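Asks: Coordinates in protein01.cif, mmCIF, C-alpha atoms, are listed below.
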```cif
data_protein
loop_
_atom_site.label_atom_id
_atom_site.label_comp_id
_atom_site.auth_asym_id
_atom_site.auth_seq_id
_atom_site.Cartn_x
_atom_site.Cartn_y
_atom_site.Cartn_z
CA MET P 185 7.93 92.41 4.96
CA ILE P 186 6.40 88.90 5.10
CA LYS P 187 5.04 87.88 8.44
CA PHE P 188 5.60 84.54 10.11
CA ASP P 189 1.90 83.64 9.74
CA GLU P 190 2.04 84.18 5.99
CA ILE P 191 5.09 81.90 5.67
CA LEU P 192 3.33 79.21 7.70
CA ILE P 193 0.22 79.42 5.51
CA MET P 194 2.35 79.21 2.34
CA ARG P 195 4.11 76.11 3.70
CA ILE P 196 0.79 74.45 4.54
CA ILE P 197 -0.48 75.17 1.03
CA CYS P 198 2.73 73.76 -0.52
CA VAL P 199 2.66 70.60 1.59
CA THR P 200 -1.04 70.09 0.85
CA PHE P 201 -0.41 70.52 -2.88
CA CYS P 202 2.49 68.04 -2.79
CA LEU P 203 0.42 65.45 -0.91
CA LEU P 204 -2.50 65.78 -3.30
CA SER P 205 -0.19 65.50 -6.30
CA THR P 206 1.39 62.36 -4.86
CA LEU P 207 -1.99 60.76 -4.20
CA ALA P 208 -3.20 61.58 -7.71
CA PHE P 209 -0.02 60.09 -9.19
CA ALA P 210 -0.30 56.97 -7.02
CA ASP P 211 -3.87 56.34 -8.29
CA HIS P 212 -2.73 56.80 -11.88
CA SER P 213 0.27 54.49 -11.53
CA THR P 214 -1.90 51.78 -9.97
CA SER P 215 -4.31 51.80 -12.90
CA PHE P 216 -1.36 51.84 -15.31
CA THR P 217 0.11 48.79 -13.58
CA ALA P 218 -3.18 46.93 -13.86
CA SER P 219 -3.46 47.80 -17.55
CA TYR P 220 0.14 46.80 -18.20
CA THR P 221 -0.37 43.49 -16.39
CA ASP P 222 -3.51 42.76 -18.42
CA ALA P 223 -1.71 43.59 -21.66
CA PHE P 224 1.24 41.39 -20.66
CA SER P 225 -1.11 38.47 -19.98
CA ILE P 226 -2.62 38.83 -23.44
CA GLN P 227 0.78 38.99 -25.12
CA ASN P 228 1.91 36.08 -23.00
CA GLU P 229 -0.16 33.61 -25.09
CA LYS P 230 1.75 32.78 -28.27
CA LYS P 231 1.64 30.38 -31.24
CA ILE P 232 4.37 28.73 -33.25
CA VAL P 233 4.67 25.96 -35.84
CA ALA P 234 7.53 23.57 -35.12
CA VAL P 235 8.78 20.01 -35.60
CA PHE P 236 9.11 17.87 -32.48
CA ASP P 237 12.76 16.92 -31.97
CA ASN P 238 12.84 15.08 -28.64
CA TYR P 239 12.24 15.02 -24.91
CA ASP P 240 15.57 15.17 -23.06
CA GLY P 241 14.31 14.22 -19.62
CA SER P 242 13.56 17.77 -18.48
CA SER P 243 12.35 19.75 -21.50
CA TYR P 244 10.45 19.27 -24.75
CA ASN P 245 12.53 20.31 -27.76
CA PHE P 246 11.15 21.48 -31.08
CA ILE P 247 12.78 22.98 -34.18
CA SER P 248 11.21 25.93 -35.98
CA ILE P 249 12.08 28.48 -38.66
CA ASP P 250 12.31 32.21 -37.85
CA GLU P 251 11.41 35.14 -40.11
CA TYR P 252 14.92 35.04 -41.63
CA ASP P 253 14.53 31.34 -42.63
CA GLU P 254 16.97 30.30 -39.91
CA GLU P 255 16.34 27.22 -37.77
CA PHE P 256 16.06 27.68 -34.02
CA PHE P 257 15.20 25.51 -31.06
CA PHE P 258 11.93 26.07 -29.26
CA ILE P 259 12.29 24.56 -25.79
CA ALA P 260 9.26 24.05 -23.56
CA ASP P 261 9.68 23.40 -19.85
CA GLN P 262 6.18 22.04 -19.27
CA VAL P 263 3.26 20.58 -21.19
CA ALA P 264 -0.35 20.62 -20.00
CA ALA P 265 -1.41 17.22 -18.61
CA GLU P 266 -4.26 16.77 -21.11
CA ILE P 267 -1.79 17.16 -23.99
CA LEU P 268 0.49 14.48 -22.58
CA LYS P 269 -2.52 12.14 -22.44
CA GLN P 270 -3.16 12.78 -26.14
CA TYR P 271 0.47 12.81 -27.36
CA ASP P 272 3.28 10.75 -25.85
CA LEU P 273 5.99 13.38 -26.17
CA LYS P 274 8.33 11.40 -23.96
CA SER P 275 8.76 8.67 -26.57
CA ALA P 276 10.69 8.90 -29.84
CA ALA P 277 7.58 7.97 -31.86
CA LEU P 278 6.67 11.63 -32.50
CA ASN P 279 10.17 12.81 -33.41
CA GLY P 280 9.97 14.64 -36.75
CA VAL P 281 6.22 15.36 -36.49
CA SER P 282 5.03 18.95 -37.16
CA PHE P 283 2.78 20.69 -34.66
CA GLU P 284 1.04 24.00 -34.22
CA ILE P 285 1.92 24.95 -30.64
CA GLU P 286 0.14 27.38 -28.36
CA TYR P 287 2.13 28.28 -25.28
CA LYS P 288 2.48 30.76 -22.48
CA GLU P 289 5.52 32.28 -20.84
CA GLU P 290 5.64 32.94 -17.11
CA ALA P 291 8.32 34.41 -14.91
CA SER P 292 10.00 31.66 -12.95
CA THR P 293 10.55 31.51 -9.22
CA GLU P 294 13.98 30.97 -7.70
CA LYS P 295 13.30 27.24 -7.33
CA GLN P 296 12.24 26.84 -10.96
CA THR P 297 15.15 28.80 -12.42
CA SER P 298 17.53 25.88 -11.99
CA ASP P 299 15.19 23.69 -14.09
CA SER P 300 14.66 26.17 -16.91
CA TYR P 301 16.63 28.08 -19.48
CA GLY P 302 16.82 31.63 -18.17
CA ASN P 303 14.16 33.19 -16.03
CA THR P 304 11.06 32.20 -18.03
CA ILE P 305 9.00 29.02 -17.83
CA ILE P 306 7.43 28.02 -21.16
CA THR P 307 4.31 25.86 -20.90
CA ILE P 308 2.59 24.32 -23.93
CA THR P 309 -1.15 24.85 -23.53
CA LYS P 310 -2.39 23.42 -26.85
CA LEU P 311 -0.82 21.12 -29.41
CA THR P 312 -2.29 20.37 -32.85
CA LYS P 313 -0.68 17.82 -35.15
CA ILE P 314 -0.16 19.13 -38.69
CA GLN P 315 -0.84 16.55 -41.42
#
```
Mind turning the file's structure into C-alpha cells?

Replies:
Amino acid sequence: MIKFDEILIMRIICVTFCLLSTLAFADHSTSFTASYTDAFSIQNEKKIVAVFDNYDGSSYNFISIDEYDEEFFFIADQVAAEILKQYDLKSAALNGVSFEIEYKEEASTEKQTSDSYGNTIITITKLTKIQ
C-alpha cells in the first residue's frame, strides 16, 4: 500500500517537472518570437516596378503587372520625405512614368486604419526612375 508521504513526494516531483517544462518552453517560444520578428522585418522590405498613375489626395497610385501578366494597382499610403523632395508625386507631371519602387509594409494602428486600405500601411522608401 502507498503511504501518504510517497504520494506527497510524487506530487512534488510532478509539479516540479511541469514547472521546469513550462519554463523551458517559455524560453524557447521567446527566442522563436524574436527570430520570427527578425524574419518578418527582412521580408517586409519589397521591390516592384510600376507606372505612376496619380496622387488622389491621400494615396500614391501605381499600375504594375503581376506574374500572370494581369494589371493591378499598387497603392502606397506614404512616401519618404526625401523622395517627395526629388519627385513631385502630387502633380500630374509624372503620370505615366515608370519607377522601380522599394517599399515596406507595417501593421497599422487603429487611427491609421481609416486612412489606409486594410490593416497595412505601405511606405515607399526608395524610388528610381526607369528611362

Asks: Determine the residue set returned by the PyMOL selection byres ((chain P and resi 308-311) around 12) for the present structure, and present it as a ChimeraX atom specification.

Replies: /P:228-236,243-246,258-273,281-290,305-307,312-314

Asks: Measure the distance from atom CA of Ala277 of chain P to atom CA of Ile247 of chain P in Å and round it to one decimal.

Replies: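 Distance reported for this atom pair: 16.1 Å.
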
Asks: Which of these, P:Glu254, P:Gly241, P:Thr304, P:Ser292, has the shortest distance to Ser275 of chain P once you count only C-alpha atoms?

Replies: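 Checking each of P:Glu254, P:Gly241, P:Thr304, P:Ser292 against Ser275 of chain P, counting only C-alpha atoms, the winner is P:Gly241.
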
Asks: Would you compute the distance between atom CA of Asn303 of chain P and atom CA of Tyr239 of chain P? Give it in Å to one decimal.

Replies: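 Spanning atom CA of Asn303 of chain P to atom CA of Tyr239 of chain P is a straight-line distance of 20.3 Å.
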
Asks: Counting all atoms listed in the file, which residue out of P:Ile197, P:Asp237, P:Ser248, P:Phe256 sits closest to Gly280 of chain P?

Replies: P:Asp237

Asks: Please determine, counting only C-alpha atoms, which residue among P:Gln315, P:Asn238, P:Glu255, P:Ala291 has the shortest atom-to-atom distance to Asn279 of chain P.

Replies: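 Looking only at the distances to Asn279 of chain P, the closest residue turns out to be P:Asn238.
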